[in-house]
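Text of query.cif, listed as mmCIF, C-alpha atoms:
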```cif
data_upload
loop_
_atom_site.label_atom_id
_atom_site.label_comp_id
_atom_site.auth_asym_id
_atom_site.auth_seq_id
_atom_site.Cartn_x
_atom_site.Cartn_y
_atom_site.Cartn_z
CA MET A 1 0.00 0.00 0.00
CA ASP A 2 1.43 3.38 -0.95
CA LEU A 3 1.74 6.34 1.36
CA SER A 4 -1.05 8.32 -0.29
CA SER A 5 -3.54 5.49 0.33
CA LEU A 6 -2.50 5.41 3.97
CA LYS A 7 -2.99 9.16 4.25
CA ASN A 8 -6.43 8.85 2.71
CA ARG A 9 -7.26 6.06 5.14
CA SER A 10 -6.04 8.21 8.02
CA ASP A 11 -8.14 11.21 6.92
CA LEU A 12 -11.21 9.04 6.49
CA SER A 13 -10.73 7.53 9.94
CA PHE A 14 -10.43 11.00 11.47
CA GLN A 15 -13.62 12.16 9.77
CA SER A 16 -15.52 9.03 10.81
CA ALA A 17 -14.32 9.41 14.39
CA LEU A 18 -15.38 13.06 14.41
CA ALA A 19 -18.82 12.23 12.98
CA LYS A 20 -19.28 9.56 15.67
CA LYS A 21 -18.16 11.89 18.43
CA ASN A 22 -20.50 14.64 17.24
CA ALA A 23 -23.39 12.19 16.94
CA LEU A 24 -22.77 11.08 20.52
CA GLU A 25 -22.79 14.70 21.64
CA LYS A 26 -26.09 15.13 19.78
CA ALA A 27 -27.46 12.14 21.70
CA HIS A 28 -26.30 13.66 25.00
CA SER A 29 -28.03 16.96 24.17
CA ARG A 30 -31.21 15.15 23.26
CA SER A 31 -31.17 13.17 26.50
CA ILE A 32 -31.98 16.25 28.65
CA MET A 33 -35.63 16.16 29.67
CA ALA A 34 -37.86 18.16 31.98
CA TYR A 35 -39.94 16.33 34.58
CA ASN A 36 -41.90 17.86 37.47
CA GLY A 37 -40.18 21.18 36.73
CA CYS A 38 -36.68 19.65 37.10
CA LEU A 39 -34.11 18.73 34.44
CA PHE A 40 -32.83 15.16 34.11
CA ARG A 41 -30.50 13.27 31.82
CA ALA A 42 -32.18 10.19 30.38
CA ASP A 43 -28.98 8.20 30.79
CA ALA A 44 -28.08 4.83 32.28
CA SER A 45 -27.38 6.29 35.73
CA THR A 46 -30.77 7.97 36.06
CA ILE A 47 -32.62 4.93 34.69
CA ASN A 48 -30.79 2.60 37.09
CA LEU A 49 -31.38 4.90 40.05
CA ILE A 50 -35.11 5.17 39.41
CA SER A 51 -35.38 1.40 38.77
CA VAL A 52 -33.75 0.60 42.10
CA LEU A 53 -35.53 3.21 44.22
CA LYS A 54 -38.97 2.26 42.95
CA GLN A 55 -38.45 -1.27 44.22
CA TYR A 56 -38.25 0.06 47.79
CA HIS A 57 -40.44 3.17 47.85
CA LYS A 58 -43.64 4.31 46.20
CA GLU A 59 -42.55 7.93 46.45
CA PHE A 60 -38.99 9.17 46.77
CA VAL A 61 -36.70 12.15 46.21
CA VAL A 62 -33.89 12.29 43.65
CA LEU A 63 -31.52 15.06 42.57
CA ASP A 64 -31.85 16.48 39.07
CA ALA A 65 -28.98 17.46 36.75
CA ASN A 66 -28.43 20.69 38.72
CA GLU A 67 -28.73 18.94 42.09
CA ASN A 68 -32.21 20.24 42.82
CA PRO A 69 -34.30 17.77 44.83
CA CYS A 70 -37.30 16.40 42.98
CA MET A 71 -40.13 14.36 44.51
CA ILE A 72 -41.06 11.41 42.30
CA THR A 73 -44.63 10.28 42.90
CA ASP A 74 -45.16 8.25 39.72
CA ALA A 75 -41.95 6.26 39.37
CA ASP A 76 -43.33 3.95 36.68
CA GLY A 77 -44.42 6.88 34.52
CA PHE A 78 -41.09 8.65 34.99
CA LEU A 79 -39.11 5.52 34.21
CA LYS A 80 -41.11 4.97 31.04
CA LEU A 81 -40.36 8.50 29.86
CA LEU A 82 -36.66 8.12 30.69
CA ILE A 83 -36.37 4.86 28.77
CA GLU A 84 -38.25 6.24 25.77
CA ARG A 85 -35.99 9.27 25.56
CA ASN A 86 -32.85 7.22 26.19
CA GLN A 87 -33.67 4.77 23.43
CA GLU A 88 -34.67 7.52 21.01
CA CYS A 89 -31.22 9.10 21.46
CA LEU A 90 -29.28 5.84 21.28
CA ASN A 91 -31.19 4.45 18.31
CA GLN A 92 -30.25 7.52 16.28
CA TYR A 93 -26.64 7.12 17.36
CA HIS A 94 -26.73 3.41 16.53
CA GLN A 95 -27.96 4.10 12.98
CA LEU A 96 -25.13 6.53 12.27
CA HIS A 97 -22.62 4.17 13.88
CA GLU A 98 -23.73 1.37 11.55
CA GLN A 99 -23.49 3.64 8.50
CA LEU A 100 -19.96 4.66 9.40
CA LYS A 101 -18.87 1.08 10.02
CA LYS A 102 -19.51 0.30 6.35
CA LYS A 103 -17.18 3.09 5.15
CA MET B 1 -48.17 32.26 30.45
CA SER B 2 -46.56 33.42 27.21
CA ALA B 3 -43.29 32.08 25.84
CA GLY B 4 -41.24 33.24 22.88
CA ALA B 5 -37.83 33.84 21.39
CA LEU B 6 -35.94 37.13 21.44
CA ILE B 7 -33.12 37.92 18.99
CA TYR B 8 -30.94 41.03 18.73
CA CYS B 9 -29.88 41.91 15.20
CA PHE B 10 -27.91 44.92 13.96
CA ASP B 11 -26.19 44.82 10.59
CA THR B 12 -22.71 46.27 10.33
CA GLU B 13 -20.67 47.22 7.26
CA GLN B 14 -18.77 43.98 7.59
CA VAL B 15 -21.48 41.50 8.62
CA GLN B 16 -25.05 41.21 7.38
CA TYR B 17 -26.46 39.76 10.59
CA HIS B 18 -29.99 39.85 9.18
CA ALA B 19 -29.20 36.85 6.93
CA CYS B 20 -28.40 34.71 9.98
CA THR B 21 -31.40 36.12 11.85
CA ASN B 22 -33.84 35.29 9.06
CA PHE B 23 -32.56 31.73 8.89
CA ALA B 24 -32.63 31.42 12.69
CA ILE B 25 -36.27 32.65 12.73
CA SER B 26 -37.31 30.05 10.15
CA LEU B 27 -35.75 27.26 12.26
CA ILE B 28 -37.34 28.51 15.50
CA LYS B 29 -40.74 28.54 13.80
CA LYS B 30 -40.26 25.07 12.36
CA ASN B 31 -38.71 23.30 15.35
CA LEU B 32 -39.94 25.20 18.41
CA ASN B 33 -43.15 26.74 17.10
CA LEU B 34 -42.57 29.85 19.22
CA PRO B 35 -43.28 33.49 18.39
CA VAL B 36 -40.15 35.51 17.66
CA THR B 37 -39.42 39.12 18.56
CA VAL B 38 -36.45 40.81 16.90
CA VAL B 39 -34.81 43.82 18.50
CA THR B 40 -33.20 45.84 15.74
CA ASN B 41 -32.62 49.32 14.31
CA GLU B 42 -34.27 51.23 11.48
CA GLN B 43 -31.56 50.30 8.93
CA THR B 44 -31.70 46.57 9.59
CA LYS B 45 -35.48 46.34 10.05
CA GLU B 46 -36.35 46.25 6.35
CA HIS B 47 -34.29 43.09 5.83
CA ILE B 48 -35.85 41.04 8.65
CA ARG B 49 -38.29 38.33 7.56
CA GLY B 50 -40.62 35.92 9.36
CA GLN B 51 -40.70 37.56 12.81
CA ASP B 52 -43.85 38.12 14.87
CA GLN B 53 -42.78 41.40 16.39
CA ILE B 54 -40.08 43.98 15.83
CA LEU B 55 -38.79 46.26 18.54
CA LEU B 56 -36.91 49.27 17.18
CA ILE B 57 -34.08 50.75 19.21
CA GLU B 58 -30.96 52.76 18.50
CA GLN B 59 -28.16 50.35 19.29
CA LYS B 60 -25.36 51.30 21.67
CA LYS B 61 -22.11 51.81 19.79
CA GLY B 62 -18.46 51.86 20.76
CA ASN B 63 -17.58 48.22 21.27
CA ARG B 64 -15.36 46.39 18.78
CA ARG B 65 -14.01 42.91 18.27
CA PHE B 66 -11.57 41.13 16.01
CA TYR B 67 -13.17 39.44 13.03
CA ASN B 68 -11.14 38.05 10.12
CA GLY B 69 -8.09 39.85 11.45
CA ASN B 70 -9.72 43.30 11.66
CA ALA B 71 -11.28 45.27 14.52
CA VAL B 72 -14.93 45.63 13.53
CA PRO B 73 -17.95 47.22 15.27
CA TRP B 74 -19.70 44.88 17.70
CA TYR B 75 -23.22 45.88 18.75
CA ASN B 76 -23.66 43.53 21.68
CA ALA B 77 -24.35 45.96 24.52
CA ASP B 78 -28.15 46.06 24.27
CA ARG B 79 -28.59 42.45 25.31
CA THR B 80 -28.44 43.61 28.93
CA GLU B 81 -31.89 45.18 28.33
CA ALA B 82 -33.46 41.87 27.31
CA TYR B 83 -35.50 41.67 30.51
CA GLU B 84 -37.23 44.95 29.63
CA HIS B 85 -37.35 44.30 25.88
CA SER B 86 -38.95 40.86 26.06
CA PRO B 87 -42.75 40.79 25.70
CA TYR B 88 -42.89 37.19 27.03
CA ASP B 89 -43.30 35.66 30.50
CA THR B 90 -40.70 33.04 29.56
CA THR B 91 -38.06 34.16 27.08
CA LEU B 92 -35.62 32.21 24.98
CA LEU B 93 -32.89 34.75 24.28
CA LEU B 94 -30.80 33.59 21.33
CA ASP B 95 -27.89 34.89 19.29
CA SER B 96 -28.81 35.41 15.64
CA ASP B 97 -26.17 32.81 14.70
CA TYR B 98 -27.57 30.05 16.91
CA PHE B 99 -29.43 27.60 14.70
CA VAL B 100 -32.14 25.53 16.34
CA TYR B 101 -32.34 22.23 14.49
CA THR B 102 -34.25 20.36 17.24
CA ASN B 103 -36.99 20.98 19.77
CA ASN B 104 -34.57 20.25 22.66
CA LEU B 105 -34.82 23.79 24.03
CA LEU B 106 -38.53 23.29 24.73
CA GLN B 107 -37.50 21.02 27.62
CA LEU B 108 -35.80 24.01 29.25
CA LEU B 109 -38.94 26.11 28.90
CA SER B 110 -40.85 23.34 30.73
CA SER B 111 -38.51 23.46 33.70
CA ASP B 112 -39.19 25.49 36.86
CA GLU B 113 -35.78 27.16 36.63
CA GLU B 114 -36.08 30.92 36.35
CA PHE B 115 -32.76 31.54 34.62
CA LEU B 116 -30.68 29.12 32.56
CA LEU B 117 -27.63 29.31 30.32
CA TYR B 118 -24.75 27.10 29.15
CA GLN B 119 -21.39 26.97 30.87
CA ASP B 120 -19.74 24.39 28.63
CA ALA B 121 -19.13 24.55 24.91
CA TYR B 122 -18.48 21.61 22.60
CA ASP B 123 -16.26 22.20 19.56
CA LEU B 124 -17.70 20.25 16.64
CA THR B 125 -14.26 20.23 14.99
CA ASP B 126 -12.79 18.48 18.06
CA ARG B 127 -10.04 21.06 18.55
CA LYS B 128 -11.30 22.34 21.91
CA SER B 129 -11.28 25.91 20.58
CA PHE B 130 -13.52 27.21 23.34
CA ASP B 131 -11.51 26.28 26.39
CA TYR B 132 -11.11 29.64 28.14
CA GLN B 133 -10.32 28.26 31.61
CA THR B 134 -7.07 30.18 31.90
CA MET B 135 -8.58 33.49 30.77
CA SER B 136 -10.25 34.34 34.11
CA VAL B 137 -10.58 33.17 37.70
CA ILE B 138 -14.26 32.23 37.22
CA PRO B 139 -15.67 29.91 34.58
CA MET B 140 -17.10 31.77 31.61
CA VAL B 141 -20.74 31.16 30.74
CA TRP B 142 -22.29 31.51 27.30
CA ALA B 143 -24.88 34.24 26.81
CA THR B 144 -25.70 32.74 23.38
CA VAL B 145 -28.73 30.85 24.73
CA ILE B 146 -30.48 32.17 27.83
CA VAL B 147 -33.83 31.05 29.15
CA PHE B 148 -35.36 33.44 31.66
CA LYS B 149 -38.69 33.99 33.31
CA LYS B 150 -40.03 37.40 34.28
CA CYS B 151 -39.32 37.19 38.02
CA GLU B 152 -37.28 38.80 40.76
CA LYS B 153 -34.26 36.52 40.28
CA SER B 154 -33.93 37.22 36.54
CA LYS B 155 -34.45 40.93 37.11
CA GLN B 156 -31.64 40.96 39.68
CA ILE B 157 -29.31 39.16 37.27
CA PHE B 158 -29.96 41.61 34.42
CA GLU B 159 -29.61 44.60 36.78
CA MET B 160 -26.29 43.22 38.02
CA VAL B 161 -25.11 42.71 34.43
CA LYS B 162 -25.91 46.36 33.70
CA HIS B 163 -23.94 47.43 36.78
CA ILE B 164 -20.99 45.28 35.66
CA LYS B 165 -21.18 46.71 32.15
CA SER B 166 -20.97 50.25 33.58
CA ASN B 167 -17.87 49.28 35.57
CA TYR B 168 -16.46 46.69 33.22
CA SER B 169 -12.74 47.48 33.68
CA TYR B 170 -13.06 47.22 37.45
CA PHE B 171 -14.81 43.85 37.31
CA CYS B 172 -12.40 42.53 34.66
CA ASN B 173 -9.53 43.34 37.02
CA LEU B 174 -11.37 41.81 39.96
CA TYR B 175 -11.90 38.51 38.12
CA ARG B 176 -8.61 38.75 36.16
CA ILE B 177 -10.45 38.49 32.87
CA GLN B 178 -8.11 38.72 29.89
CA PHE B 179 -10.67 40.21 27.52
CA SER B 180 -10.85 43.98 27.80
CA ASN B 181 -13.70 44.61 25.31
CA TYR B 182 -17.17 44.25 26.77
CA ARG B 183 -18.38 40.69 26.40
CA ASN B 184 -21.80 39.50 27.56
CA ASP B 185 -20.49 36.01 28.34
CA TYR B 186 -18.17 37.37 31.03
CA ALA B 187 -20.67 39.98 32.23
CA PHE B 188 -23.22 37.24 32.95
CA ALA B 189 -20.55 35.01 34.51
CA MET B 190 -19.56 37.82 36.87
CA ALA B 191 -23.17 38.74 37.67
CA LEU B 192 -24.02 35.14 38.56
CA ASN B 193 -20.88 34.87 40.65
CA GLN B 194 -21.74 38.08 42.50
CA LEU B 195 -25.36 37.13 43.16
CA PHE B 196 -25.33 33.35 43.50
CA PRO B 197 -21.73 32.20 44.08
CA GLU B 198 -22.64 28.78 45.42
CA GLU B 199 -25.50 27.95 43.08
CA LYS B 200 -25.31 25.91 39.94
CA ARG B 201 -29.03 25.95 39.34
CA HIS B 202 -28.70 28.38 36.45
CA LEU B 203 -26.74 25.98 34.22
CA ILE B 204 -28.21 24.14 31.25
CA PRO B 205 -27.12 20.50 31.56
CA GLY B 206 -24.73 19.47 28.80
CA SER B 207 -22.74 21.57 26.36
CA MET B 208 -23.54 24.03 23.61
CA SER B 209 -22.28 22.77 20.25
CA MET B 210 -20.23 25.32 18.34
CA LEU B 211 -18.32 25.81 15.10
CA PRO B 212 -15.20 27.99 15.45
CA ALA B 213 -14.59 31.15 13.39
CA ASP B 214 -12.08 29.49 11.07
CA THR B 215 -14.63 26.85 10.06
CA GLU B 216 -16.45 27.47 6.79
CA VAL B 217 -20.08 26.47 6.41
CA THR B 218 -20.16 25.09 2.86
CA LYS B 219 -23.79 24.04 2.75
CA ILE B 220 -26.75 24.79 4.94
CA ASP B 221 -30.43 23.95 4.83
CA GLU B 222 -33.38 23.33 7.13
CA HIS B 223 -32.06 19.89 8.15
CA GLY B 224 -28.42 20.64 8.97
CA LEU B 225 -25.14 21.95 7.66
CA THR B 226 -21.85 20.84 6.16
CA PHE B 227 -18.66 22.44 7.46
CA LYS B 228 -15.04 22.54 6.38
CA PHE B 229 -11.91 23.11 8.46
CA ASP B 230 -8.32 22.50 7.39
CA LYS B 231 -8.75 19.79 4.78
CA TYR B 232 -11.64 18.08 6.51
CA ILE B 233 -15.32 18.16 5.66
CA ASN B 234 -18.04 16.98 8.01
CA PHE B 235 -21.73 17.51 8.59
CA ILE B 236 -24.35 17.68 11.31
CA GLU B 237 -28.06 17.04 11.05
CA GLY B 238 -30.74 17.66 13.67
CA HIS B 239 -28.14 19.17 16.01
CA ASP B 240 -28.45 22.70 17.48
CA VAL B 241 -25.36 24.75 16.72
CA HIS B 242 -23.75 28.13 17.32
CA VAL B 243 -21.83 29.24 14.21
CA TYR B 244 -19.01 31.76 14.77
CA ASN B 245 -18.20 32.36 11.12
CA LYS B 246 -20.92 34.71 9.87
CA GLU B 247 -20.07 34.42 6.18
CA ILE B 248 -22.65 31.78 5.43
CA LYS B 249 -24.11 31.41 1.96
CA PHE B 250 -27.77 30.78 2.70
CA ASN B 251 -29.55 29.18 -0.21
CA VAL B 252 -32.76 28.17 1.51
#
```

Go ahead and render the structure in this file as structure tokens.
Amino acid sequence: MDLSSLKNRSDLSFQSALAKKNALEKAHSRSIMAYNGCLFRADASTINLISVLKQYHKEFVVLDANENPCMITDADGFLKLLIERNQECLNQYHQLHEQLKKK
Amino acid sequence: MSAGALIYCFDTEQVQYHACTNFAISLIKKNLNLPVTVVTNEQTKEHIRGQDQILLIEQKKGNRRFYNGNAVPWYNADRTEAYEHSPYDTTLLLDSDYFVYTNNLLQLLSSDEEFLLYQDAYDLTDRKSFDYQTMSVIPMVWATVIVFKKCEKSKQIFEMVKHIKSNYSYFCNLYRIQFSNYRNDYAFAMALNQLFPEEKRHLIPGSMSMLPADTEVTKIDEHGLTFKFDKYINFIEGHDVHVYNKEIKFNV
């Protein structure tokens, strides 16, 4: 393989990596959601936290993204919204990831 | 309770800000479905399209900034009056070069927070061009996107920003800010530090995506944009973005 092909490969890899990184950032931005007047990230940590707490309490308090306390009275409803938003973000990221893998 | 977007737009000899504003308005309408008020002057007014309201003022002059290697006029001082200028109970104050490609910002309008802005910026070219940590003793915030409600807290913040603007040299020295021209980003950072030093409630979670000034926007439409830096070309779609380079060829 000549040097120019390697350089092309290197440039293409950089551009693919950048597109993936930006798509992940897009997913992170999309994962912010308002609930009960507070702001949450629909990420794995929040989903896990709500899943665990709802096994022990019907109502409980969690901290939002800015560390404001938020009373959760409908844990099932909240968890459903979190999972929907989380999967919406990650599905979009997954699609782009698959496209880039083929390049 | 009313909600809407507020944009400041004053053309200069060097930059036709109205082109960005018109495009920004069309995206706000499409993706956020909010009314838009543009604060502008008599000269720029005739070029503005798609807004719901226009508020005419005579912009404050005197400030300058470097753009493409030259010191050019920078009419950014009127943003401190946004609290008075806004006709809405909840206002989304946006720069004319912030392009809203999603409805993500609606989540912020649904929150109980009375004042929100970004502290972190994300460089879409991955060169970390917006890392200003060493330029002051407090973290800079970005006045590009501000969500505020008409309330006592927001009023206090805007009043403090006006006070800081009137004594900008003093406050720049106090916070060791290495940016002598008036900049809203630092004025808001200092105001928040003065009023609420321990609070982080005013921060929008996540980062604001940005394209640096040396990045050329080669194609732009209602879905996204393609950008070029060095020898690289990339694109974003459905991703809100703040574009520093104002020389955009709009063809939509």

Let me know the residues the PyMOL selection byres ((chain B and resi 23) around 10) catches in the file above, as an NGL selection string. :B and (18-22 or 24-28 or 48-50 or 96-100 or 220-222 or 250-252)

Enumerate, as a PyMOL selection string, the residues matched when the PyMOL selection byres ((chain B) within 10 of (chain A)) is run on the file above. chain B and resi 102-113+122-126+199-209+231-240

Counting all atoms listed in the file, which residue out of A:Leu53, A:Leu90, A:Lys102, A:Asp74 sits closest to Ser13 (chain A)? A:Lys102

Compile the contact shell of Val145 (chain B) as a ChimeraX atom specification: residues with an atom at most 8 Å away, counting only C-alpha atoms, same-chain residues fewer than 2 positions apart removed. /B:92-95,98,117-118,142-143,147

Protein, DNA and RNA residues within 12 Å of (-2.0, 33.1, 36.9), all atoms listed in the file, as a PyMOL selection string: chain B and resi 133-137+175-178

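Nearest residue to Val39 (chain B), choosing from B:Ser166, B:Gln51, B:Asn184, B:Ser154 and counting only C-alpha atoms: B:Gln51.
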
Please write as a PyMOL selection string the full residue list that the PyMOL selection byres ((chain B and resi 243) around 9) yields on this file. chain B and resi 97-99+209-213+215+217+241-242+244-246

Ref. answer, residues at most 8 Å from (-26.6, 41.9, 21.8) with all atoms listed in the file, as a list in words: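 Those within range, by chain then number, are Tyr8, Cys9, Tyr75, Asn76, Ala77, Asp78, Arg79, Thr80, Asp95 and Asn184 of chain B.
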
Enter the distance from CA of Val141 (chain B) to CA of Phe158 (chain B), in Å, rounded to one decimal. 14.4 Å

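Between Ile164 (chain B) and the residues B:Tyr186, B:Tyr17, B:Phe10, B:Phe227, the shortest atom-to-atom distance, using only C-alpha atoms, involves B:Tyr186.
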
With only C-alpha atoms as the counted atoms, please give the residues lying no more than 9 Å from Lys58 (chain A), apart from itself and same-chain residues fewer than 6 positions off, as a ChimeraX atom specification. /A:72-75

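A straight line drawn from CA of Cys70 (chain A) to CA of Gln156 (chain B) is 25.4 Å long.
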
Which distance in Å separates CA of His97 (chain A) and CA of Lys20 (chain A), to one decimal?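 According to the coordinates, CA of His97 (chain A) and CA of Lys20 (chain A) are separated by 6.6 Å.
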
Mind checking which residues fall within 12 Å of Ala44 (chain A), counting only C-alpha atoms, ignoring those fewer than 6 positions away in the same chain, and posting them as a list of chain:residue names?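 Those residues are A:His28, A:Ser31, A:Ile50, A:Ser51, A:Leu79, A:Leu82, A:Ile83, A:Arg85, A:Asn86, A:Gln87, A:Leu90.
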
Padding 4 Å on each side, edges along x, y and z: where is the centre of the box around the listed atoms of region 63-77 of chain A, and how long are its edges in Å to one decimal? Output it as JSON.
```
{"center_x": -36.8, "center_y": 12.3, "center_z": 39.7, "size_x": 24.7, "size_y": 24.7, "size_z": 18.3}
```

Using only C-alpha atoms, can you tell me which of B:Ala191, B:Ile157, B:Leu32, B:Met1 comes closest to Phe115 (chain B)? B:Ile157

All residues 12 Å or closer to Gln53 (chain B), all atoms listed in the file, same chain fewer than 3 positions away omitted, as a list in words: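 Residues near the query, excluding close chain neighbours: Gly4, Ala5, Leu6, Ile7, Ile25, Leu34, Pro35, Val36, Thr37, Val38, Val39, Thr40, Lys45, Ile48, Arg49, Gly50, Leu56, His85, Ser86, Pro87 and Tyr88 of chain B.
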